Amino acid sequence: MTLYNFKFIWIASIFCIINQGCSSSDKNDDSSIDDDVVVDPTDDGVAEPPQSIDFYYGADLSYVNEMEDCNASYKDANGTSMDVYDIFKNAGTNLVRVRLWHNPTWTNYSNYNDVKETIARAKAKGMAVLLDFHYSDTWTDPSQQQIPAAWASEINNTSALGALLYNYTYTTLNDLAALNLLPEIVQVGNEINAMILQDGELVWPIDWARNASLINQGIDAVRDISAENNADIEVMLHIAQPENALWWFEEATANGITDFDWIGLSYYPIWSEYTLENVNQPLTSLKNTYGKKLMIVETAYPFTLDNADAANNILGADALVSGHPASQQGQLDYLNQLKTIMENVGGAGIIYWEPAWVSTSCSTLWAQGSHWDNATLFDHDNKATLGLQFYNGSLED
C-alpha cells in the first residue's frame, strides 16, 4: 500500500511490518498446501465467482491468516463470532485482494503457500480474487521497489531480469491453475510509481526502456497463462494517488506499456493533492484518456482516533475529511461518498485496504499490536463496524 504522496517518503518505513512467531507452521515451504486448505481441481467444494460483476466491492485480506494465527477472532454486526470470510461475503464483498512477496524470509506470511490459502478461502465463498505481485521480498511502494534477493545479480541485465520476472509470474500462475485457484485479476507490481526491481535508493527519472520491458514481461506471462487455460485473467497496473497516475500512464503508454485492462489506484486523502470534492477530475481524465477499467484498490478511513495498543495509529486526526468524523458513521459515509464518485466517473470498484488488521498480542517491528486498528472495519472488540455496510451500498443501520 502507500501511506503518502510519493514525494513524501519519510513515513515509508513504518510499513515494513513483521509478525514472527504467531504460527507453529512454516508457510515458506512451497512443497504442499497447508493441511487446512481444501483445494480440489475438479471444482468440488470450490464455488465459482460471479460471471459478471458491474462494480467490485473489495477487501484486501492479506493479513487475515496471520491475525488468526495470532488468536484474532471476528464478529458480525450482531456480535456473533464467525469466519471472517463469511462476514465479508454476507456483507456483499465480491472481490478479495491478496499480496504476494517473492521470498519473504523475515515473515511466514504473504508467501506462496499463504497466498494459496487466502485464494482458496475466497473462492470457497464465491468471491473473485485480485492477486498483487510485489516482485520483492518485502513491501513495495513509491519509496521502495526492492529487487528480490534471488534476482539481485541480474539487476543490470534487463533481458535476464525480464526472463526471471516472466518465469516467476508464469510459474506462480501455472501452479495456481493446477489447483483451480487462478485469480480473476493480476496486479503486475504494487504502487509502481518508481521503476520496478531496484536496489537501495530509487533512481529517478525512470529508465523507461528498462521499466517497460520488465512490466511487459509480467503482462505477457499473465496473457500466456490466460490463453493456455482458456481463462479471462485481467491485468492491472497500480499507482499510488491519482495525481501520480496522470503522469505515469502518459509516460508508460508512450513507452509501449499498453496491454493492460485496469488502472488501479491507491487513494488516501491525507496523502493526495485531491480531496473528495475534486478527485473526480483526475479519475475522469484517466478513464477518458486511456479507455481502461478503473478501480481504487486501496483506501481506508478511521472509525475512531483511539488506539487499542502500543502500536501507534498511522491514520490520525490529520486523516479526517470535512464532514466525516472519526466515527463508524463517518467511516461509512466516506466509503459511500467515494463509491458515488467512482460510479459517476465510470469506475468499477473500490477495495478497502486491510479491514481485518486488528490488534493482537503479536508485534510489528516497532510495537505490539496493529498500526491500523482504528481504521479497520472491526471495532476494538473485533465487532463489525457500520463501515462494513458499504459492501451493500446501504446507509441503513
# chains A, B, ... in the order shown; residues from 1 in each chain; ligands from 1

$ residues_around --residues "A:Asn392" --least-positions-apart "3" --cutoff "12 Å" --atoms "only C-alpha atoms" --output "list in words"
Phe55, Tyr56, Tyr57, Gly58, Phe88, Lys89, Asn90, Ala91, Gly92, Thr93, Asn94, Leu332, Leu335, Asn336, Lys339, Leu386, Gly387, Leu388, Gln389, Leu395, Glu396 and Asp397 of chain A

$ closest_residue --among "A:Leu164, A:Leu315, A:Ala221, A:Ile233" --to "A:Ile270" --atoms "only C-alpha atoms"
A:Leu315

$ residues_around --residues "A:Asp309" --least-positions-apart "5" --cutoff "7 Å" --atoms "only C-alpha atoms" --output "ChimeraX atom specification"
/A:359,368-369

$ write_last_selection --atoms "C-alpha atoms" --output "PDB file, in the first residue's frame"
ATOM      1  CA  SER A 359      -4.966  -5.547  17.328  1.00  0.00           C
ATOM      2  CA  GLN A 368       2.839  -4.873  19.969  1.00  0.00           C
ATOM      3  CA  GLY A 369      -0.438  -4.717  18.086  1.00  0.00           C
TER       4      GLY A 369
END

$ select_by_dssp --residues "stretch 61-233 of chain A" --states "strand (DSSP E)" --output "list in words"
Leu95, Val96, Arg97, Val98, Arg99, Leu100, Ala128, Val129, Leu130, Leu131, Asp132, Phe133, Ile185, Val186, Gln187 and Val188 of chain A

$ select_by_dssp --residues "stretch 287-350 of chain A" --states "helix (DSSP H, G or I)" --output "MDAnalysis selection string"
chainID A and resid 287:290 317:319 328:344

$ closest_residue --among "A:Asn65, A:Ala194, A:Leu176, A:Asp381" --to "A:Trp208" --atoms "only C-alpha atoms"
A:Ala194

$ closest_residue --among "A:Val188, A:Ile87, A:Leu61, A:Leu305" --to "A:Ile257" --atoms "only C-alpha atoms"
A:Val188

$ residues_around --residues "A:Ser327" --least-positions-apart "2" --cutoff "7 Å" --atoms "only C-alpha atoms" --output "JSON, numbers by chain"
{"A": [303, 304, 325, 329, 330, 331]}

$ write_last_selection --atoms "C-alpha atoms" --output "compact mmCIF listing (two decimals), in the first residue's frame"
# COMPACT_ATOMS: atom_id res chain seq x y z
CA PHE A 303 -13.79 4.92 12.77
CA THR A 304 -12.09 6.28 15.90
CA PRO A 325 -15.81 12.50 11.76
CA GLN A 329 -20.96 6.53 10.59
CA GLY A 330 -18.19 8.81 9.35
CA GLN A 331 -16.31 5.78 8.02

$ residues_around --residues "A:Val186" --least-positions-apart "6" --cutoff "8 Å" --atoms "only C-alpha atoms" --output "PyMOL selection string"
chain A and resi 130-133+222+233-236

$ atom_distance --atom1 "atom CA of A:Phe260" --atom2 "atom CA of A:Asn190"
14.5 Å

$ atom_distance --atom1 "atom CA of A:Ala177" --atom2 "atom CA of A:Asn111"
17.0 Å

$ residues_around --residues "A:Ala384" --least-positions-apart "6" --cutoff "6 Å" --atoms "only C-alpha atoms" --output "PyMOL selection string"
chain A and resi 76-77+377-378

$ residues_around --residues "A:Asn156" --least-positions-apart "2" --cutoff "12 Å" --atoms "only C-alpha atoms" --output "ChimeraX atom specification"
/A:147,151-154,158-162,197-199,207,210-211

$ write_last_selection --atoms "N, CA and C atoms" --output "mmCIF file, in the first residue's frame"
data_model
loop_
_atom_site.group_PDB
_atom_site.id
_atom_site.type_symbol
_atom_site.label_atom_id
_atom_site.label_comp_id
_atom_site.auth_asym_id
_atom_site.auth_seq_id
_atom_site.Cartn_x
_atom_site.Cartn_y
_atom_site.Cartn_z
ATOM 1 N N ILE A 147 14.453 -5.134 -5.366
ATOM 2 C CA ILE A 147 14.549 -6.354 -6.147
ATOM 3 C C ILE A 147 14.637 -7.565 -5.218
ATOM 4 N N TRP A 151 17.272 -12.379 -7.336
ATOM 5 C CA TRP A 151 17.451 -11.799 -8.673
ATOM 6 C C TRP A 151 18.510 -10.702 -8.708
ATOM 7 N N ALA A 152 19.088 -10.358 -7.585
ATOM 8 C CA ALA A 152 19.932 -9.165 -7.480
ATOM 9 C C ALA A 152 21.132 -9.195 -8.424
ATOM 10 N N SER A 153 21.669 -10.365 -8.694
ATOM 11 C CA SER A 153 22.855 -10.447 -9.549
ATOM 12 C C SER A 153 22.573 -10.019 -10.986
ATOM 13 N N GLU A 154 21.303 -9.992 -11.370
ATOM 14 C CA GLU A 154 20.930 -9.629 -12.742
ATOM 15 C C GLU A 154 20.345 -8.226 -12.835
ATOM 16 N N THR A 158 18.792 -6.285 -18.202
ATOM 17 C CA THR A 158 17.338 -6.183 -18.361
ATOM 18 C C THR A 158 16.745 -7.432 -18.989
ATOM 19 N N SER A 159 17.455 -8.005 -19.961
ATOM 20 C CA SER A 159 16.940 -9.205 -20.626
ATOM 21 C C SER A 159 16.840 -10.376 -19.661
ATOM 22 N N ALA A 160 17.898 -10.612 -18.909
ATOM 23 C CA ALA A 160 17.890 -11.718 -17.955
ATOM 24 C C ALA A 160 16.885 -11.469 -16.842
ATOM 25 N N LEU A 161 16.805 -10.236 -16.377
ATOM 26 C CA LEU A 161 15.866 -9.903 -15.313
ATOM 27 C C LEU A 161 14.429 -10.066 -15.797
ATOM 28 N N GLY A 162 14.174 -9.672 -17.031
ATOM 29 C CA GLY A 162 12.842 -9.852 -17.595
ATOM 30 C C GLY A 162 12.451 -11.308 -17.681
ATOM 31 N N LEU A 197 12.030 -3.185 -9.567
ATOM 32 C CA LEU A 197 13.227 -4.008 -9.425
ATOM 33 C C LEU A 197 14.497 -3.163 -9.311
ATOM 34 N N GLN A 198 14.523 -2.307 -8.296
ATOM 35 C CA GLN A 198 15.704 -1.504 -7.996
ATOM 36 C C GLN A 198 16.360 -2.004 -6.710
ATOM 37 N N ASP A 199 17.481 -1.372 -6.372
ATOM 38 C CA ASP A 199 18.204 -1.752 -5.167
ATOM 39 C C ASP A 199 18.645 -0.491 -4.439
ATOM 40 N N ASP A 207 13.956 4.926 -16.070
ATOM 41 C CA ASP A 207 14.524 4.396 -17.312
ATOM 42 C C ASP A 207 13.417 3.594 -17.997
ATOM 43 N N ARG A 210 14.039 0.138 -19.780
ATOM 44 C CA ARG A 210 14.122 -0.971 -18.823
ATOM 45 C C ARG A 210 12.763 -1.250 -18.200
ATOM 46 N N ASN A 211 12.108 -0.203 -17.721
ATOM 47 C CA ASN A 211 10.861 -0.380 -16.983
ATOM 48 C C ASN A 211 9.773 -1.009 -17.848
#
